>>> print(open('input_39.pdb').read())   # PDB, C-alpha atoms, pLDDT in the B column
ATOM      1  CA  MET V   1       0.000   0.000   0.000  1.00 67.00           C
ATOM      2  CA  GLU V   2       1.274   3.451  -0.876  1.00 62.00           C
ATOM      3  CA  THR V   3       1.694   5.927   1.977  1.00 75.00           C
ATOM      4  CA  LYS V   4       0.170   8.507  -0.338  1.00 86.00           C
ATOM      5  CA  ILE V   5      -3.585   8.565   0.267  1.00 92.00           C
ATOM      6  CA  ASP V   6      -5.194   8.320  -3.150  1.00 94.00           C
ATOM      7  CA  LYS V   7      -8.757   7.121  -3.691  1.00 95.00           C
ATOM      8  CA  LYS V   8      -7.814   3.430  -3.876  1.00 94.00           C
ATOM      9  CA  THR V   9      -5.697   3.579  -0.730  1.00 95.00           C
ATOM     10  CA  TYR V  10      -8.399   5.510   1.091  1.00 96.00           C
ATOM     11  CA  GLU V  11     -10.977   2.863   0.219  1.00 96.00           C
ATOM     12  CA  GLN V  12      -8.684   0.069   1.460  1.00 96.00           C
ATOM     13  CA  ILE V  13      -8.146   1.794   4.803  1.00 97.00           C
ATOM     14  CA  GLU V  14     -11.845   2.654   5.009  1.00 97.00           C
ATOM     15  CA  ALA V  15     -12.822  -0.983   4.395  1.00 97.00           C
ATOM     16  CA  TYR V  16     -10.533  -2.178   7.195  1.00 96.00           C
ATOM     17  CA  MET V  17     -11.932   0.473   9.527  1.00 96.00           C
ATOM     18  CA  LYS V  18     -15.508  -0.594   8.785  1.00 95.00           C
ATOM     19  CA  SER V  19     -14.661  -4.214   9.554  1.00 94.00           C
ATOM     20  CA  CYS V  20     -13.542  -3.172  13.056  1.00 92.00           C
ATOM     21  CA  MET V  21     -16.357  -0.824  14.104  1.00 89.00           C
ATOM     22  CA  GLN V  22     -19.130  -2.296  16.285  1.00 80.00           C
ATOM     23  CA  ASP V  23     -19.754   0.323  18.998  1.00 74.00           C
ATOM     24  CA  SER V  24     -22.840   2.398  18.124  1.00 70.00           C
ATOM     25  CA  ALA V  25     -21.546   5.477  19.968  1.00 69.00           C
ATOM     26  CA  HIS V  26     -18.199   5.140  18.198  1.00 83.00           C
ATOM     27  CA  ASP V  27     -19.534   4.006  14.854  1.00 90.00           C
ATOM     28  CA  VAL V  28     -18.568   4.645  11.250  1.00 94.00           C
ATOM     29  CA  GLU V  29     -20.367   8.007  11.247  1.00 94.00           C
ATOM     30  CA  HIS V  30     -18.312   9.099  14.268  1.00 95.00           C
ATOM     31  CA  ILE V  31     -15.191   8.275  12.247  1.00 96.00           C
ATOM     32  CA  TYR V  32     -16.376  10.360   9.312  1.00 97.00           C
ATOM     33  CA  ARG V  33     -17.275  13.324  11.533  1.00 97.00           C
ATOM     34  CA  VAL V  34     -13.843  13.214  13.140  1.00 98.00           C
ATOM     35  CA  LEU V  35     -12.180  12.992   9.725  1.00 98.00           C
ATOM     36  CA  TYR V  36     -14.169  15.894   8.269  1.00 98.00           C
ATOM     37  CA  THR V  37     -13.577  18.054  11.348  1.00 98.00           C
ATOM     38  CA  ALA V  38      -9.864  17.214  11.224  1.00 98.00           C
ATOM     39  CA  LEU V  39      -9.689  18.277   7.589  1.00 98.00           C
ATOM     40  CA  ASP V  40     -11.386  21.555   8.523  1.00 98.00           C
ATOM     41  CA  ILE V  41      -8.855  22.188  11.316  1.00 98.00           C
ATOM     42  CA  ALA V  42      -5.959  21.226   9.030  1.00 98.00           C
ATOM     43  CA  GLU V  43      -6.872  24.060   6.664  1.00 98.00           C
ATOM     44  CA  TYR V  44      -5.738  26.490   9.388  1.00 98.00           C
ATOM     45  CA  GLU V  45      -2.498  24.698  10.302  1.00 98.00           C
ATOM     46  CA  LYS V  46       0.898  24.727   8.570  1.00 96.00           C
ATOM     47  CA  ASP V  47       2.832  21.767   7.149  1.00 95.00           C
ATOM     48  CA  VAL V  48       0.148  19.155   7.827  1.00 97.00           C
ATOM     49  CA  ASP V  49       0.877  15.660   6.522  1.00 97.00           C
ATOM     50  CA  HIS V  50      -2.578  14.857   5.200  1.00 97.00           C
ATOM     51  CA  ASP V  51      -1.594  11.288   4.342  1.00 97.00           C
ATOM     52  CA  VAL V  52      -0.837  10.627   8.016  1.00 98.00           C
ATOM     53  CA  LEU V  53      -3.834  12.606   9.257  1.00 98.00           C
ATOM     54  CA  ILE V  54      -6.435  10.918   7.043  1.00 98.00           C
ATOM     55  CA  CYS V  55      -5.146   7.431   7.822  1.00 98.00           C
ATOM     56  CA  ALA V  56      -5.015   8.132  11.573  1.00 98.00           C
ATOM     57  CA  CYS V  57      -8.525   9.587  11.596  1.00 98.00           C
ATOM     58  CA  LEU V  58      -9.938   6.565   9.813  1.00 98.00           C
ATOM     59  CA  LEU V  59      -8.220   4.100  12.145  1.00 98.00           C
ATOM     60  CA  HIS V  60      -8.245   5.919  15.490  1.00 97.00           C
ATOM     61  CA  ASP V  61     -11.073   3.874  17.065  1.00 94.00           C
ATOM     62  CA  ILE V  62     -10.434   0.410  15.605  1.00 94.00           C
ATOM     63  CA  GLY V  63      -9.334  -0.791  19.045  1.00 92.00           C
ATOM     64  CA  ARG V  64     -12.762  -0.215  20.621  1.00 86.00           C
ATOM     65  CA  LYS V  65     -13.771  -3.874  20.361  1.00 84.00           C
ATOM     66  CA  ALA V  66     -10.593  -4.951  22.166  1.00 77.00           C
ATOM     67  CA  GLN V  67     -11.334  -2.464  24.959  1.00 79.00           C
ATOM     68  CA  ALA V  68     -14.937  -3.654  25.254  1.00 74.00           C
ATOM     69  CA  GLU V  69     -13.793  -7.262  25.581  1.00 78.00           C
ATOM     70  CA  GLY V  70     -11.007  -6.466  28.038  1.00 71.00           C
ATOM     71  CA  LYS V  71     -11.785  -3.545  30.364  1.00 70.00           C
ATOM     72  CA  LYS V  72      -8.108  -3.033  31.241  1.00 81.00           C
ATOM     73  CA  ILE V  73      -7.213  -2.560  27.571  1.00 84.00           C
ATOM     74  CA  CYS V  74      -6.914   1.012  26.267  1.00 89.00           C
ATOM     75  CA  HIS V  75      -8.493   1.259  22.836  1.00 91.00           C
ATOM     76  CA  ALA V  76      -5.958   3.907  21.786  1.00 91.00           C
ATOM     77  CA  VAL V  77      -3.017   1.608  22.510  1.00 92.00           C
ATOM     78  CA  ALA V  78      -4.732  -1.429  20.991  1.00 92.00           C
ATOM     79  CA  GLY V  79      -5.811   0.598  17.974  1.00 95.00           C
ATOM     80  CA  ALA V  80      -2.294   1.904  17.348  1.00 96.00           C
ATOM     81  CA  GLU V  81      -0.950  -1.647  17.417  1.00 96.00           C
ATOM     82  CA  MET V  82      -3.673  -2.878  15.062  1.00 96.00           C
ATOM     83  CA  ALA V  83      -3.072   0.016  12.677  1.00 97.00           C
ATOM     84  CA  GLY V  84       0.667  -0.627  12.748  1.00 97.00           C
ATOM     85  CA  ARG V  85       0.197  -4.276  11.798  1.00 97.00           C
ATOM     86  CA  PHE V  86      -2.338  -3.420   9.094  1.00 97.00           C
ATOM     87  CA  LEU V  87      -0.049  -0.849   7.484  1.00 97.00           C
ATOM     88  CA  ALA V  88       3.091  -2.971   7.860  1.00 96.00           C
ATOM     89  CA  GLU V  89       1.401  -5.929   6.159  1.00 95.00           C
ATOM     90  CA  ARG V  90       0.762  -3.645   3.218  1.00 93.00           C
ATOM     91  CA  GLY V  91       4.347  -2.533   2.950  1.00 94.00           C
ATOM     92  CA  CYS V  92       4.024   0.998   4.294  1.00 95.00           C
ATOM     93  CA  ASP V  93       7.145   2.897   5.310  1.00 94.00           C
ATOM     94  CA  ARG V  94       8.123   2.444   8.962  1.00 96.00           C
ATOM     95  CA  ASP V  95       8.360   6.193   9.599  1.00 97.00           C
ATOM     96  CA  TYR V  96       4.874   6.695   8.183  1.00 97.00           C
ATOM     97  CA  ILE V  97       3.525   3.877  10.351  1.00 97.00           C
ATOM     98  CA  ALA V  98       5.135   5.386  13.464  1.00 97.00           C
ATOM     99  CA  LYS V  99       3.496   8.751  12.775  1.00 97.00           C
ATOM    100  CA  VAL V 100       0.060   7.171  12.354  1.00 98.00           C
ATOM    101  CA  GLU V 101       0.554   5.072  15.490  1.00 98.00           C
ATOM    102  CA  HIS V 102       1.474   8.167  17.508  1.00 97.00           C
ATOM    103  CA  CYS V 103      -1.675   9.993  16.394  1.00 98.00           C
ATOM    104  CA  ILE V 104      -3.895   7.078  17.372  1.00 97.00           C
ATOM    105  CA  ARG V 105      -2.125   6.425  20.663  1.00 96.00           C
ATOM    106  CA  ALA V 106      -2.282  10.127  21.633  1.00 95.00           C
ATOM    107  CA  HIS V 107      -5.929  10.802  20.808  1.00 95.00           C
ATOM    108  CA  ARG V 108      -7.013   9.592  24.267  1.00 87.00           C
ATOM    109  CA  PHE V 109      -4.537  11.613  26.345  1.00 72.00           C
ATOM    110  CA  ARG V 110      -6.085  12.977  29.569  1.00 69.00           C
ATOM    111  CA  LYS V 111      -4.777  14.325  32.873  1.00 61.00           C
ATOM    112  CA  GLY V 112      -1.253  13.054  32.393  1.00 62.00           C
ATOM    113  CA  LYS V 113      -2.436   9.581  31.381  1.00 68.00           C
ATOM    114  CA  GLY V 114      -1.552   8.172  28.005  1.00 70.00           C
ATOM    115  CA  THR V 115       0.561   9.672  25.256  1.00 83.00           C
ATOM    116  CA  GLN V 116       0.742  13.456  24.880  1.00 92.00           C
ATOM    117  CA  PRO V 117      -0.111  14.608  21.325  1.00 95.00           C
ATOM    118  CA  GLU V 118       3.136  16.013  19.929  1.00 96.00           C
ATOM    119  CA  SER V 119       2.867  16.154  16.159  1.00 97.00           C
ATOM    120  CA  THR V 120       0.579  18.585  14.357  1.00 98.00           C
ATOM    121  CA  GLU V 121      -1.423  15.647  13.014  1.00 98.00           C
ATOM    122  CA  ALA V 122      -1.845  14.159  16.504  1.00 98.00           C
ATOM    123  CA  LYS V 123      -3.055  17.478  17.899  1.00 98.00           C
ATOM    124  CA  ILE V 124      -5.547  17.844  15.065  1.00 98.00           C
ATOM    125  CA  LEU V 125      -6.910  14.321  15.566  1.00 98.00           C
ATOM    126  CA  PHE V 126      -7.148  14.885  19.316  1.00 97.00           C
ATOM    127  CA  ASP V 127      -9.163  18.083  18.822  1.00 98.00           C
ATOM    128  CA  ALA V 128     -11.411  16.608  16.130  1.00 98.00           C
ATOM    129  CA  ASP V 129     -12.197  13.570  18.278  1.00 97.00           C
ATOM    130  CA  LYS V 130     -12.974  15.716  21.335  1.00 97.00           C
ATOM    131  CA  ILE V 131     -15.140  18.075  19.285  1.00 97.00           C
ATOM    132  CA  ASP V 132     -17.416  15.111  18.548  1.00 96.00           C
ATOM    133  CA  VAL V 133     -18.223  15.014  22.271  1.00 95.00           C
ATOM    134  CA  THR V 134     -19.231  18.686  22.331  1.00 96.00           C
ATOM    135  CA  GLY V 135     -22.542  20.366  21.577  1.00 95.00           C
ATOM    136  CA  ALA V 136     -25.730  18.524  20.688  1.00 95.00           C
ATOM    137  CA  VAL V 137     -23.851  15.675  19.029  1.00 95.00           C
ATOM    138  CA  GLY V 138     -21.844  15.160  22.198  1.00 93.00           C
ATOM    139  CA  ALA V 139     -24.980  15.015  24.342  1.00 94.00           C
ATOM    140  CA  ALA V 140     -26.585  12.495  22.002  1.00 93.00           C
ATOM    141  CA  ARG V 141     -23.485  10.293  21.865  1.00 92.00           C
ATOM    142  CA  THR V 142     -22.998  10.399  25.639  1.00 91.00           C
ATOM    143  CA  LEU V 143     -26.589   9.317  26.254  1.00 92.00           C
ATOM    144  CA  GLN V 144     -26.261   6.632  23.607  1.00 89.00           C
ATOM    145  CA  TYR V 145     -23.069   5.260  25.146  1.00 85.00           C
ATOM    146  CA  GLY V 146     -24.590   5.424  28.614  1.00 88.00           C
ATOM    147  CA  GLY V 147     -27.510   3.373  27.369  1.00 86.00           C
ATOM    148  CA  GLN V 148     -25.149   0.737  26.024  1.00 83.00           C
ATOM    149  CA  GLU V 149     -23.519   0.540  29.442  1.00 84.00           C
ATOM    150  CA  SER V 150     -26.894   0.568  31.279  1.00 90.00           C
ATOM    151  CA  GLU V 151     -26.057   3.894  32.938  1.00 91.00           C
ATOM    152  CA  PRO V 152     -28.925   6.169  34.085  1.00 93.00           C
ATOM    153  CA  ILE V 153     -29.452   9.786  33.044  1.00 93.00           C
ATOM    154  CA  TYR V 154     -29.179  10.837  36.688  1.00 92.00           C
ATOM    155  CA  THR V 155     -29.016   9.379  40.185  1.00 91.00           C
ATOM    156  CA  ARG V 156     -30.436  10.367  43.579  1.00 90.00           C
ATOM    157  CA  LEU V 157     -28.564  11.805  46.537  1.00 87.00           C
ATOM    158  CA  PRO V 158     -28.966  10.160  49.982  1.00 86.00           C
ATOM    159  CA  ASP V 159     -31.711  12.681  50.831  1.00 85.00           C
ATOM    160  CA  GLY V 160     -33.641  11.689  47.721  1.00 85.00           C
ATOM    161  CA  GLN V 161     -32.901  14.839  45.719  1.00 88.00           C
ATOM    162  CA  ILE V 162     -31.805  14.634  42.081  1.00 90.00           C
ATOM    163  CA  ALA V 163     -28.002  14.680  41.848  1.00 90.00           C
ATOM    164  CA  ASN V 164     -26.704  17.352  39.462  1.00 90.00           C
ATOM    165  CA  GLY V 165     -23.552  15.415  38.604  1.00 89.00           C
ATOM    166  CA  GLU V 166     -21.119  17.154  40.907  1.00 86.00           C
ATOM    167  CA  GLU V 167     -21.861  15.396  44.197  1.00 79.00           C
ATOM    168  CA  GLU V 168     -22.356  11.866  42.902  1.00 76.00           C
ATOM    169  CA  THR V 169     -19.725   9.244  42.201  1.00 78.00           C
ATOM    170  CA  ALA V 170     -21.924   6.778  40.317  1.00 85.00           C
ATOM    171  CA  ASP V 171     -21.855   6.867  36.529  1.00 90.00           C
ATOM    172  CA  SER V 172     -24.663   8.809  34.868  1.00 92.00           C
ATOM    173  CA  TYR V 173     -25.138  11.385  32.130  1.00 93.00           C
ATOM    174  CA  TYR V 174     -25.094  14.205  34.702  1.00 92.00           C
ATOM    175  CA  HIS V 175     -21.873  12.865  36.229  1.00 91.00           C
ATOM    176  CA  GLU V 176     -20.232  12.561  32.799  1.00 92.00           C
ATOM    177  CA  TYR V 177     -21.311  16.097  31.925  1.00 92.00           C
ATOM    178  CA  LYS V 178     -19.951  17.699  35.101  1.00 92.00           C
ATOM    179  CA  HIS V 179     -16.740  15.678  35.301  1.00 89.00           C
ATOM    180  CA  LYS V 180     -15.820  15.429  31.618  1.00 89.00           C
ATOM    181  CA  LEU V 181     -18.010  17.047  28.960  1.00 91.00           C
ATOM    182  CA  ILE V 182     -18.000  20.594  30.330  1.00 92.00           C
ATOM    183  CA  LYS V 183     -14.189  20.518  30.584  1.00 91.00           C
ATOM    184  CA  ILE V 184     -13.506  19.489  26.997  1.00 93.00           C
ATOM    185  CA  TYR V 185     -13.788  23.045  25.673  1.00 93.00           C
ATOM    186  CA  ASP V 186     -10.536  23.966  27.433  1.00 92.00           C
ATOM    187  CA  MET V 187      -8.607  20.957  26.127  1.00 93.00           C
ATOM    188  CA  MET V 188      -8.127  21.954  22.490  1.00 96.00           C
ATOM    189  CA  HIS V 189      -4.640  22.196  21.003  1.00 97.00           C
ATOM    190  CA  THR V 190      -5.494  24.179  17.872  1.00 98.00           C
ATOM    191  CA  LYS V 191      -7.068  27.586  17.380  1.00 98.00           C
ATOM    192  CA  ARG V 192      -9.611  26.277  14.876  1.00 98.00           C
ATOM    193  CA  GLY V 193     -10.460  23.377  17.178  1.00 98.00           C
ATOM    194  CA  ARG V 194     -11.228  25.809  20.005  1.00 98.00           C
ATOM    195  CA  GLU V 195     -13.390  27.895  17.684  1.00 98.00           C
ATOM    196  CA  ILE V 196     -15.493  24.919  16.599  1.00 98.00           C
ATOM    197  CA  ALA V 197     -15.844  23.649  20.157  1.00 97.00           C
ATOM    198  CA  MET V 198     -16.935  27.030  21.489  1.00 97.00           C
ATOM    199  CA  GLU V 199     -19.494  27.380  18.693  1.00 97.00           C
ATOM    200  CA  ARG V 200     -21.122  24.220  20.039  1.00 96.00           C
ATOM    201  CA  LYS V 201     -20.830  24.852  23.770  1.00 96.00           C
ATOM    202  CA  ALA V 202     -24.128  26.709  24.222  1.00 96.00           C
ATOM    203  CA  ALA V 203     -26.101  23.758  22.826  1.00 96.00           C
ATOM    204  CA  ALA V 204     -24.537  21.381  25.354  1.00 95.00           C
ATOM    205  CA  VAL V 205     -25.042  23.750  28.287  1.00 95.00           C
ATOM    206  CA  ASP V 206     -28.663  24.448  27.311  1.00 96.00           C
ATOM    207  CA  PHE V 207     -29.401  20.744  26.971  1.00 95.00           C
ATOM    208  CA  TYR V 208     -27.983  19.899  30.390  1.00 94.00           C
ATOM    209  CA  GLU V 209     -29.721  22.822  32.117  1.00 95.00           C
ATOM    210  CA  ASN V 210     -33.085  22.156  30.445  1.00 96.00           C
ATOM    211  CA  LEU V 211     -32.871  18.453  31.214  1.00 94.00           C
ATOM    212  CA  TYR V 212     -31.978  19.120  34.842  1.00 93.00           C
ATOM    213  CA  ARG V 213     -34.761  21.703  35.195  1.00 95.00           C
ATOM    214  CA  GLU V 214     -37.392  19.379  33.684  1.00 95.00           C
ATOM    215  CA  VAL V 215     -36.376  16.440  35.859  1.00 93.00           C
ATOM    216  CA  ASN V 216     -36.358  18.574  39.010  1.00 92.00           C
ATOM    217  CA  SER V 217     -39.724  20.117  38.189  1.00 94.00           C
ATOM    218  CA  THR V 218     -41.244  16.673  37.752  1.00 93.00           C
ATOM    219  CA  PHE V 219     -39.605  15.452  40.953  1.00 92.00           C
ATOM    220  CA  HIS V 220     -40.719  18.308  43.195  1.00 90.00           C
ATOM    221  CA  THR V 221     -44.265  18.567  41.850  1.00 94.00           C
ATOM    222  CA  GLY V 222     -44.798  14.824  41.856  1.00 93.00           C
ATOM    223  CA  THR V 223     -43.407  14.167  45.326  1.00 90.00           C
ATOM    224  CA  GLU V 224     -45.575  16.922  46.830  1.00 89.00           C
ATOM    225  CA  ILE V 225     -48.721  15.503  45.251  1.00 91.00           C
ATOM    226  CA  LEU V 226     -47.791  11.966  46.219  1.00 91.00           C
ATOM    227  CA  GLU V 227     -47.111  12.935  49.834  1.00 89.00           C
ATOM    228  CA  GLU V 228     -50.433  14.735  50.118  1.00 88.00           C
ATOM    229  CA  ARG V 229     -52.196  11.773  48.529  1.00 87.00           C
ATOM    230  CA  LEU V 230     -50.570   9.266  50.873  1.00 90.00           C
ATOM    231  CA  ASN V 231     -51.318  11.419  53.921  1.00 87.00           C
ATOM    232  CA  GLY V 232     -54.974  11.590  52.937  1.00 79.00           C
ATOM    233  CA  SER V 233     -54.958  15.325  52.136  1.00 64.00           C
ATOM    234  CA  LEU V 234     -56.328  14.670  48.662  1.00 59.00           C
ATOM    235  CA  SER V 235     -59.628  12.957  48.157  1.00 55.00           C
TER     236      SER V 235
END
>>> encode(input="input_39.pdb", output="structure tokens")
Amino acid sequence: METKIDKKTYEQIEAYMKSCMQDSAHDVEHIYRVLYTALDIAEYEKDVDHDVLICACLLHDIGRKAQAEGKKICHAVAGAEMAGRFLAERGCDRDYIAKVEHCIRAHRFRKGKGTQPESTEAKILFDADKIDVTGAVGAARTLQYGGQESEPIYTRLPDGQIANGEEETADSYYHEYKHKLIKIYDMMHTKRGREIAMERKAAAVDFYENLYREVNSTFHTGTEILEERLNGSLS
């Protein structure tokens, strides 16, 4: 396989990617959104190796199945190894393979854990992948993934009140929002990545606040009526 991404090479990499994708929250359409966002960001960066970037974007989540089957496995590490083998079997240059592997390995970097994105291509992939967890798309994907893992939208505090995500330790959409999603907007490496993320932020904030308000309204109104009913105040 040539390291130059022409249409034939793209289709070969794309076909391999499709054969690996089974997670509905990290599906083929997620891959395409990350790729298209990365190409947008790349237009604002200098000296981008598009052959590395496109390949890394297509293959960045191929290790998801391995992570799902073995909880201690990091999909970024597994995916980099899988991509390396795939490209090596097709005769790609070792330096090219190493660059793609770095991008994939570094796309999951967080709080000092994992591989820090160093190359321009790795920083672009990191931003593009994180952008797909922002805004309305991010809310939809988070709820979808939570459903796969049987996680609730919210949990209750010991006093019965609805937890807003900050106080709780159990997994839920609210917890994910407060401990991860709201912080993503400050994690971007590129100027264009930050711009795209910030354009989407209001949609994510509005969704969380409206959802929390609706749930709380239902909770407070319903519990008052129920208590009165149980105490015989309502006929």
>>> residues_near_point(input="input_39.pdb", point="(-24.5, 8.5, 25.7)", cutoff="12 Å", atoms="all atoms listed in the file", output="MDAnalysis selection string")
chainID V and resid 23:26 133:134 136:153 171:177 181
>>> atom_distance(input="input_39.pdb", atom1="atom CA of V:Arg94", atom2="atom CA of V:Thr3")
10.1 Å
>>> closest_atom_pairs(input="input_39.pdb", of="stretch 103-216 of chain V", to="stretch 34-39 of chain V", cutoff="7 Å", atoms="all atoms listed in the file", output="Markdown table")
| residue | atom | partner | partner_atom | distance |
| --- | --- | --- | --- | --- |
| V:Ile124 | CA | V:Ala38 | CA | 5.8 |
| V:Leu125 | CA | V:Ala38 | CA | 6.0 |
| V:Ala128 | CA | V:Val34 | CA | 5.1 |
| V:Asp129 | CA | V:Val34 | CA | 5.4 |
| V:Asp132 | CA | V:Val34 | CA | 6.8 |
>>> resolve_selection(input="input_39.pdb", expression="the PyMOL selection byres ((chain V and resi 64-72) around 10)", output="PyMOL selection string")
chain V and resi 20-23+26-27+60-63+73-79
>>> resolve_selection(input="input_39.pdb", expression="the PyMOL selection byres ((chain V and resi 184) around 12)", output="VMD selection string")
chain V and resid 109 to 111 126 to 135 138 176 to 183 185 to 189 193 to 194 196 to 198 200 to 201 204
>>> resolve_selection(input="input_39.pdb", expression="the PyMOL selection byres ((chain V and resi 116) around 12)", output="PDB file with C-alpha atoms, keeping the file's coordinate frame")
ATOM      1  CA  HIS V 102       1.474   8.167  17.508  1.00 97.00           C
ATOM      2  CA  CYS V 103      -1.675   9.993  16.394  1.00 98.00           C
ATOM      3  CA  ILE V 104      -3.895   7.078  17.372  1.00 97.00           C
ATOM      4  CA  ARG V 105      -2.125   6.425  20.663  1.00 96.00           C
ATOM      5  CA  ALA V 106      -2.282  10.127  21.633  1.00 95.00           C
ATOM      6  CA  HIS V 107      -5.929  10.802  20.808  1.00 95.00           C
ATOM      7  CA  ARG V 108      -7.013   9.592  24.267  1.00 87.00           C
ATOM      8  CA  PHE V 109      -4.537  11.613  26.345  1.00 72.00           C
ATOM      9  CA  ARG V 110      -6.085  12.977  29.569  1.00 69.00           C
ATOM     10  CA  LYS V 111      -4.777  14.325  32.873  1.00 61.00           C
ATOM     11  CA  GLY V 112      -1.253  13.054  32.393  1.00 62.00           C
ATOM     12  CA  LYS V 113      -2.436   9.581  31.381  1.00 68.00           C
ATOM     13  CA  GLY V 114      -1.552   8.172  28.005  1.00 70.00           C
ATOM     14  CA  THR V 115       0.561   9.672  25.256  1.00 83.00           C
ATOM     15  CA  PRO V 117      -0.111  14.608  21.325  1.00 95.00           C
ATOM     16  CA  GLU V 118       3.136  16.013  19.929  1.00 96.00           C
ATOM     17  CA  SER V 119       2.867  16.154  16.159  1.00 97.00           C
ATOM     18  CA  THR V 120       0.579  18.585  14.357  1.00 98.00           C
ATOM     19  CA  ALA V 122      -1.845  14.159  16.504  1.00 98.00           C
ATOM     20  CA  LYS V 123      -3.055  17.478  17.899  1.00 98.00           C
ATOM     21  CA  PHE V 126      -7.148  14.885  19.316  1.00 97.00           C
ATOM     22  CA  HIS V 189      -4.640  22.196  21.003  1.00 97.00           C
TER      23      HIS V 189
END
>>> atom_distance(input="input_39.pdb", atom1="atom CA of V:Arg33", atom2="atom CA of V:Tyr10")
15.8 Å
>>> atom_distance(input="input_39.pdb", atom1="atom CA of V:Glu14", atom2="atom CA of V:Leu59")
8.1 Å
>>> closest_residue(input="input_39.pdb", among="V:Asn164, V:Thr221, V:Thr190, V:Asn231", to="V:Glu209", atoms="all atoms listed in the file")
V:Asn164
>>> decode(input="input_39.pdb", residues="stretch 146-194 of chain V", atoms="C-alpha atoms", output="PDB file, in the first residue's frame")
ATOM      1  CA  GLY V 146     -24.590   5.424  28.614  1.00  0.00           C
ATOM      2  CA  GLY V 147     -27.510   3.373  27.369  1.00  0.00           C
ATOM      3  CA  GLN V 148     -25.149   0.737  26.024  1.00  0.00           C
ATOM      4  CA  GLU V 149     -23.519   0.540  29.442  1.00  0.00           C
ATOM      5  CA  SER V 150     -26.894   0.568  31.279  1.00  0.00           C
ATOM      6  CA  GLU V 151     -26.057   3.894  32.938  1.00  0.00           C
ATOM      7  CA  PRO V 152     -28.925   6.169  34.085  1.00  0.00           C
ATOM      8  CA  ILE V 153     -29.452   9.786  33.044  1.00  0.00           C
ATOM      9  CA  TYR V 154     -29.179  10.837  36.688  1.00  0.00           C
ATOM     10  CA  THR V 155     -29.016   9.379  40.185  1.00  0.00           C
ATOM     11  CA  ARG V 156     -30.436  10.367  43.579  1.00  0.00           C
ATOM     12  CA  LEU V 157     -28.564  11.805  46.537  1.00  0.00           C
ATOM     13  CA  PRO V 158     -28.966  10.160  49.982  1.00  0.00           C
ATOM     14  CA  ASP V 159     -31.711  12.681  50.831  1.00  0.00           C
ATOM     15  CA  GLY V 160     -33.641  11.689  47.721  1.00  0.00           C
ATOM     16  CA  GLN V 161     -32.901  14.839  45.719  1.00  0.00           C
ATOM     17  CA  ILE V 162     -31.805  14.634  42.081  1.00  0.00           C
ATOM     18  CA  ALA V 163     -28.002  14.680  41.848  1.00  0.00           C
ATOM     19  CA  ASN V 164     -26.704  17.352  39.462  1.00  0.00           C
ATOM     20  CA  GLY V 165     -23.552  15.415  38.604  1.00  0.00           C
ATOM     21  CA  GLU V 166     -21.119  17.154  40.907  1.00  0.00           C
ATOM     22  CA  GLU V 167     -21.861  15.396  44.197  1.00  0.00           C
ATOM     23  CA  GLU V 168     -22.356  11.866  42.902  1.00  0.00           C
ATOM     24  CA  THR V 169     -19.725   9.244  42.201  1.00  0.00           C
ATOM     25  CA  ALA V 170     -21.924   6.778  40.317  1.00  0.00           C
ATOM     26  CA  ASP V 171     -21.855   6.867  36.529  1.00  0.00           C
ATOM     27  CA  SER V 172     -24.663   8.809  34.868  1.00  0.00           C
ATOM     28  CA  TYR V 173     -25.138  11.385  32.130  1.00  0.00           C
ATOM     29  CA  TYR V 174     -25.094  14.205  34.702  1.00  0.00           C
ATOM     30  CA  HIS V 175     -21.873  12.865  36.229  1.00  0.00           C
ATOM     31  CA  GLU V 176     -20.232  12.561  32.799  1.00  0.00           C
ATOM     32  CA  TYR V 177     -21.311  16.097  31.925  1.00  0.00           C
ATOM     33  CA  LYS V 178     -19.951  17.699  35.101  1.00  0.00           C
ATOM     34  CA  HIS V 179     -16.740  15.678  35.301  1.00  0.00           C
ATOM     35  CA  LYS V 180     -15.820  15.429  31.618  1.00  0.00           C
ATOM     36  CA  LEU V 181     -18.010  17.047  28.960  1.00  0.00           C
ATOM     37  CA  ILE V 182     -18.000  20.594  30.330  1.00  0.00           C
ATOM     38  CA  LYS V 183     -14.189  20.518  30.584  1.00  0.00           C
ATOM     39  CA  ILE V 184     -13.506  19.489  26.997  1.00  0.00           C
ATOM     40  CA  TYR V 185     -13.788  23.045  25.673  1.00  0.00           C
ATOM     41  CA  ASP V 186     -10.536  23.966  27.433  1.00  0.00           C
ATOM     42  CA  MET V 187      -8.607  20.957  26.127  1.00  0.00           C
ATOM     43  CA  MET V 188      -8.127  21.954  22.490  1.00  0.00           C
ATOM     44  CA  HIS V 189      -4.640  22.196  21.003  1.00  0.00           C
ATOM     45  CA  THR V 190      -5.494  24.179  17.872  1.00  0.00           C
ATOM     46  CA  LYS V 191      -7.068  27.586  17.380  1.00  0.00           C
ATOM     47  CA  ARG V 192      -9.611  26.277  14.876  1.00  0.00           C
ATOM     48  CA  GLY V 193     -10.460  23.377  17.178  1.00  0.00           C
ATOM     49  CA  ARG V 194     -11.228  25.809  20.005  1.00  0.00           C
TER      50      ARG V 194
END
